[in-house]
file coords-v6.cif (mmCIF, C-alpha atoms)
data_input
#
loop_
_atom_site.label_atom_id
_atom_site.label_comp_id
_atom_site.auth_asym_id
_atom_site.auth_seq_id
_atom_site.Cartn_x
_atom_site.Cartn_y
_atom_site.Cartn_z
CA MET A 174 121.50 10.11 130.09
CA TYR A 175 124.74 8.13 129.91
CA ILE A 176 124.72 4.61 131.32
CA LYS A 177 128.10 3.12 132.28
CA LYS A 178 129.18 -0.25 130.91
CA GLY A 179 129.67 -1.40 134.50
CA VAL A 180 125.96 -0.97 135.27
CA ARG A 181 124.47 -4.15 136.70
CA VAL A 182 120.96 -5.47 136.14
CA LEU A 183 119.33 -8.27 138.09
CA GLY A 184 117.11 -9.99 135.52
CA ILE A 185 114.40 -12.32 136.85
CA ALA A 186 112.25 -14.78 134.91
CA GLU A 187 110.23 -17.87 135.83
CA SER A 188 109.08 -21.25 134.60
CA PHE A 189 106.70 -23.82 136.05
CA TYR A 190 104.78 -27.04 135.73
CA LYS A 191 101.19 -26.46 136.76
CA GLU A 192 100.95 -29.94 138.27
CA ARG A 193 103.86 -29.21 140.60
CA GLY A 194 102.15 -26.21 142.17
CA ARG A 195 105.37 -24.19 142.38
CA SER A 196 107.22 -21.87 140.06
CA ILE A 197 110.98 -21.51 139.78
CA LEU A 198 112.20 -17.91 139.61
CA VAL A 199 115.79 -17.39 138.51
CA GLY A 200 117.73 -14.16 138.76
CA ILE A 201 121.05 -13.42 137.12
CA VAL A 202 123.22 -10.35 137.54
CA GLN A 203 124.58 -9.07 134.26
CA ARG A 204 126.87 -6.11 133.66
CA GLY A 205 126.47 -3.59 130.85
CA ASP A 206 129.32 -5.31 128.99
CA LEU A 207 127.09 -8.44 129.16
CA ILE A 208 129.32 -10.36 131.58
CA ILE A 209 127.26 -12.46 134.00
CA ASP A 210 128.54 -12.22 137.55
CA GLY A 211 125.82 -13.51 139.84
CA PHE A 212 122.94 -15.97 140.12
CA SER A 213 120.20 -16.94 142.56
CA TYR A 214 116.76 -18.53 142.55
CA ALA A 215 113.57 -18.80 144.58
CA GLN A 216 110.16 -20.43 144.33
CA ALA A 217 106.63 -19.06 144.26
CA THR A 218 103.25 -20.75 144.68
CA LEU A 219 101.10 -21.09 141.58
CA GLY A 220 97.99 -19.01 142.19
CA GLY A 221 99.48 -17.66 145.41
CA MET A 222 100.52 -14.17 146.37
CA ASP A 223 104.17 -14.77 147.21
CA ALA A 224 105.90 -13.77 143.95
CA THR A 225 106.86 -10.38 145.41
CA ASN A 226 108.58 -12.14 148.31
CA ALA A 227 110.39 -14.46 145.86
CA VAL A 228 111.77 -11.51 143.86
CA ILE A 229 112.95 -9.79 147.05
CA GLU A 230 114.44 -13.09 148.28
CA ILE A 231 116.55 -13.38 145.11
CA TYR A 232 117.84 -9.84 145.55
CA GLU A 233 118.63 -10.33 149.24
CA ASP A 234 120.24 -13.74 148.67
CA LEU A 235 122.72 -12.16 146.26
CA ASP A 236 123.75 -9.65 148.95
CA ARG A 237 125.05 -7.23 146.30
CA GLU A 238 125.16 -3.46 146.72
CA ASP A 239 126.33 -3.04 143.12
CA ILE A 240 123.01 -4.05 141.49
CA ASN A 241 121.64 -0.90 139.86
CA TYR A 242 118.31 -2.10 138.43
CA ILE A 243 115.91 -5.03 138.76
CA MET A 244 114.24 -6.24 135.57
CA VAL A 245 111.41 -8.78 135.79
CA SER A 246 109.69 -10.68 133.03
CA GLY A 247 106.07 -9.88 133.80
CA ALA A 248 104.27 -8.48 136.82
CA VAL A 249 101.65 -11.25 136.93
CA ILE A 250 103.45 -14.59 136.94
CA SER A 251 103.05 -18.09 138.36
CA TRP A 252 99.39 -18.42 137.42
CA TYR A 253 98.14 -14.97 138.54
CA ASN A 254 100.65 -14.44 141.34
CA VAL A 255 100.97 -10.64 141.20
CA ILE A 256 104.33 -8.96 141.85
CA ASP A 257 104.04 -5.69 143.75
CA LEU A 258 106.60 -3.65 141.79
CA HIS A 259 106.41 -0.74 144.24
CA ARG A 260 107.13 -2.98 147.22
CA VAL A 261 110.11 -4.54 145.40
CA HIS A 262 111.43 -1.03 144.69
CA TRP A 263 110.84 0.12 148.27
CA GLU A 264 112.37 -2.94 149.98
CA THR A 265 115.41 -3.25 147.70
CA GLY A 266 116.00 0.44 147.07
CA ARG A 267 116.46 -0.39 143.37
CA PRO A 268 114.46 0.83 140.36
CA VAL A 269 112.30 -1.90 138.83
CA ILE A 270 111.46 -2.50 135.17
CA SER A 271 108.74 -5.02 134.31
CA LEU A 272 108.45 -6.25 130.72
CA THR A 273 105.85 -8.24 128.88
CA TYR A 274 105.91 -9.19 125.23
CA GLU A 275 102.33 -9.52 123.97
CA GLU A 276 99.23 -7.35 123.87
CA THR A 277 96.56 -8.71 126.23
CA GLU A 278 92.86 -8.01 126.59
CA GLY A 279 92.96 -7.66 130.33
CA ILE A 280 93.28 -9.82 133.37
CA ILE A 281 90.53 -8.65 135.72
CA ARG A 282 88.00 -11.29 134.71
CA PHE A 283 90.59 -14.04 135.31
CA PHE A 284 91.22 -12.72 138.81
CA ILE A 285 87.46 -12.79 139.52
CA GLU A 286 86.86 -16.22 137.95
CA ASN A 287 89.84 -18.00 139.48
CA PHE A 288 90.22 -16.25 142.85
CA PRO A 289 86.78 -15.34 144.23
CA ARG A 290 88.16 -14.92 147.78
CA ASP A 291 91.00 -12.49 147.06
CA TRP A 292 90.58 -11.18 143.51
CA HIS A 293 90.20 -7.63 144.85
CA TYR A 294 93.63 -7.79 146.53
CA ARG A 295 95.28 -9.03 143.31
CA LEU A 296 93.50 -6.31 141.36
CA LEU A 297 94.58 -3.62 143.81
CA ILE A 298 98.26 -4.53 143.38
CA HIS A 299 97.85 -4.90 139.62
CA LEU A 300 96.31 -1.42 139.36
CA LYS A 301 98.94 0.06 141.68
CA ASN A 302 101.64 -1.29 139.32
CA GLY A 303 100.26 1.04 136.66
CA GLU A 304 99.50 0.73 132.98
CA ARG A 305 101.94 -0.96 130.66
CA LYS A 306 103.47 1.31 128.05
CA ARG A 307 104.16 -0.04 124.59
CA ILE A 308 107.71 0.79 123.53
CA LYS A 309 109.65 0.07 120.37
CA LEU A 310 113.11 -1.32 120.97
CA LYS A 311 116.07 -0.10 118.94
CA ASN A 312 115.92 -3.39 117.01
CA GLY A 313 112.31 -2.71 115.91
CA TYR A 314 110.51 -5.09 118.28
CA ASP A 315 107.67 -3.88 120.51
CA VAL A 316 107.52 -4.72 124.22
CA TYR A 317 105.28 -3.52 127.05
CA MET A 318 106.95 -1.88 130.01
CA ARG A 319 106.24 -0.64 133.52
CA ALA A 320 108.95 1.31 135.32
CA VAL A 321 109.02 2.08 139.05
CA GLY A 322 111.71 4.27 140.58
CA LEU A 323 113.09 5.61 137.30
CA ASP A 324 111.73 7.62 134.42
CA GLU A 325 110.54 6.11 131.17
CA GLU A 326 113.48 7.37 129.11
CA ALA A 327 116.03 5.82 131.47
CA ALA A 328 114.10 2.53 131.55
CA ILE A 329 114.01 2.37 127.74
CA ARG A 330 117.76 3.01 127.57
CA ILE A 331 118.44 0.20 130.05
CA VAL A 332 116.20 -2.24 128.17
CA ASN A 333 117.84 -1.35 124.83
CA MET A 334 121.33 -1.64 126.32
CA PHE A 335 120.68 -5.22 127.40
CA THR A 336 118.69 -6.40 124.34
CA LEU A 337 120.86 -7.91 121.63
CA GLU A 338 118.18 -9.48 119.46
CA GLY A 339 114.49 -10.24 119.66
CA LYS A 340 112.25 -8.98 122.46
CA TYR A 341 114.04 -10.35 125.51
CA PRO A 342 116.83 -8.44 127.25
CA GLU A 343 119.75 -10.75 127.95
CA PRO A 344 119.37 -10.92 131.76
CA ILE A 345 115.75 -12.04 131.31
CA ARG A 346 116.48 -14.35 128.37
CA ILE A 347 119.24 -16.17 130.25
CA SER A 348 117.24 -16.33 133.51
CA ARG A 349 114.34 -17.81 131.56
CA LEU A 350 116.58 -20.50 130.01
CA ILE A 351 117.92 -21.49 133.41
CA ALA A 352 114.45 -21.47 135.02
CA ARG A 353 113.11 -23.72 132.25
CA ARG A 354 115.94 -26.20 132.70
CA ILE A 355 115.45 -26.35 136.47
CA ALA A 356 111.67 -26.70 136.08
CA ARG A 357 112.19 -29.47 133.53
CA LYS A 358 114.50 -31.34 135.90
CA LEU A 359 112.00 -31.01 138.74
CA GLY A 360 108.88 -31.87 136.78
CA ASP A 361 107.53 -34.13 134.09
CA SER A 362 108.97 -32.96 130.74
CA LYS A 363 105.76 -33.99 128.93
CA LYS A 364 103.82 -31.43 131.00
CA TYR A 365 106.34 -28.63 130.58
CA LEU A 366 104.88 -25.13 130.29
#
call {"tool": "encode", "arguments": {"input": "coords-v6.cif", "output": "structure tokens"}}
result
Amino acid sequence: MYIKKGVRVLGIAESFYKERGRSILVGIVQRGDLIIDGFSYAQATLGGMDATNAVIEIYEDLDREDINYIMVSGAVISWYNVIDLHRVHWETGRPVISLTYEETEGIIRFFIENFPRDWHYRLLIHLKNGERKRIKLKNGYDVYMRAVGLDEEAAIRIVNMFTLEGKYPEPIRISRLIARRIARKLGDSKKYL
């Protein structure tokens, strides 16, 4: 599968201060030649269930038909705020790639312990998102991926195309840097997460 250099990825990452109660999500549009040509942001509630809406809001705010893929850093963000990857794909019409960077022992017990009233809803979305698949990037690093709306091979090619070094593809790395700076400006730098 050949991917054109003009392909555009909307990369979304977040940062937050727990004391503030809100997370900053930043999305940048980056072309296959690594030129950045778009930016937006949204907020999500820590421990809420509005991260899916925030991701869709970023996409809609950009009002861009030329975005080919959406790449998000994590499917459970903002203190257990679960992104519904299938809903993002359905509402935007764009394939979605979710990446995480560490092996985890599971999240179900944290849903139950921290959210006794709606843990089952969070779990339902989490299970619907599917299992993460461990992949080895062309640079030798391992990441964990979920892909919705495209096959695994295509998703791996997109991730490799946008990863220059380390584990983070450039659209996610840059979004994360911007989100951290905004969160730092809005919160107490001593309590930065």
call {"tool": "closest_residue", "arguments": {"input": "coords-v6.cif", "among": "A:Val269, A:Val182, A:Leu310, A:Ile256", "to": "Arg295 in chain A", "atoms": "all atoms listed in the file"}}
result
A:Ile256
call {"tool": "closest_residue", "arguments": {"input": "coords-v6.cif", "among": "A:Val199, A:Met334, A:Leu272, A:Leu207", "to": "Ala356 in chain A", "atoms": "all atoms listed in the file"}}
result
A:Val199
call {"tool": "atom_distance", "arguments": {"input": "coords-v6.cif", "atom1": "CA of Ile209 in chain A", "atom2": "CA of Ser188 in chain A"}}
result
20.2 Å
call {"tool": "resolve_selection", "arguments": {"input": "coords-v6.cif", "expression": "the PyMOL selection byres ((chain A and resi 341) around 12)", "output": "PyMOL selection string"}}
result
chain A and resi 184-186+244-247+271-275+310+312+314-318+332-340+342-350
call {"tool": "atom_distance", "arguments": {"input": "coords-v6.cif", "atom1": "CA of Arg307 in chain A", "atom2": "CA of Ala227 in chain A"}}
result
26.4 Å
call {"tool": "closest_residue", "arguments": {"input": "coords-v6.cif", "among": "A:Leu219, A:Ile176, A:Val228, A:Ala327", "to": "Ala248 in chain A", "atoms": "all atoms listed in the file"}}
result
A:Val228
call {"tool": "axis_aligned_box", "arguments": {"input": "coords-v6.cif", "around": "range 174-183 of chain A", "padding_each_side": "6 Å", "output": "lines of an AutoDock Vina configuration file"}}
result
center_x = 124.5
center_y = 0.9
center_z = 134.0
size_x = 22.3
size_y = 30.4
size_z = 20.2
call {"tool": "resolve_selection", "arguments": {"input": "coords-v6.cif", "expression": "the PyMOL selection byres ((chain A and resi 300) around 12)", "output": "PDB file with C-alpha atoms, keeping the file's coordinate frame"}}
result
ATOM      1  CA  ALA A 248     104.270  -8.480 136.820  1.00  0.00           C
ATOM      2  CA  VAL A 249     101.650 -11.250 136.930  1.00  0.00           C
ATOM      3  CA  VAL A 255     100.970 -10.640 141.200  1.00  0.00           C
ATOM      4  CA  ILE A 256     104.330  -8.960 141.850  1.00  0.00           C
ATOM      5  CA  ASP A 257     104.040  -5.690 143.750  1.00  0.00           C
ATOM      6  CA  LEU A 258     106.600  -3.650 141.790  1.00  0.00           C
ATOM      7  CA  HIS A 259     106.410  -0.740 144.240  1.00  0.00           C
ATOM      8  CA  GLY A 279      92.960  -7.660 130.330  1.00  0.00           C
ATOM      9  CA  ILE A 280      93.280  -9.820 133.370  1.00  0.00           C
ATOM     10  CA  ILE A 281      90.530  -8.650 135.720  1.00  0.00           C
ATOM     11  CA  HIS A 293      90.200  -7.630 144.850  1.00  0.00           C
ATOM     12  CA  TYR A 294      93.630  -7.790 146.530  1.00  0.00           C
ATOM     13  CA  ARG A 295      95.280  -9.030 143.310  1.00  0.00           C
ATOM     14  CA  LEU A 296      93.500  -6.310 141.360  1.00  0.00           C
ATOM     15  CA  LEU A 297      94.580  -3.620 143.810  1.00  0.00           C
ATOM     16  CA  ILE A 298      98.260  -4.530 143.380  1.00  0.00           C
ATOM     17  CA  HIS A 299      97.850  -4.900 139.620  1.00  0.00           C
ATOM     18  CA  LYS A 301      98.940   0.060 141.680  1.00  0.00           C
ATOM     19  CA  ASN A 302     101.640  -1.290 139.320  1.00  0.00           C
ATOM     20  CA  GLY A 303     100.260   1.040 136.660  1.00  0.00           C
ATOM     21  CA  GLU A 304      99.500   0.730 132.980  1.00  0.00           C
ATOM     22  CA  ARG A 305     101.940  -0.960 130.660  1.00  0.00           C
ATOM     23  CA  ARG A 319     106.240  -0.640 133.520  1.00  0.00           C
TER      24      ARG A 319
END
call {"tool": "closest_residue", "arguments": {"input": "coords-v6.cif", "among": "A:Tyr242, A:Trp292, A:Trp263, A:Tyr253", "to": "Ala328 in chain A", "atoms": "all atoms listed in the file"}}
result
A:Tyr242
call {"tool": "residues_around", "arguments": {"input": "coords-v6.cif", "residues": "Ile197 in chain A", "least_positions_apart": "2", "cutoff": "9 Å", "atoms": "all atoms listed in the file", "output": "PyMOL selection string"}}
result
chain A and resi 186-189+195+199+214-217+251+352-353+355-356
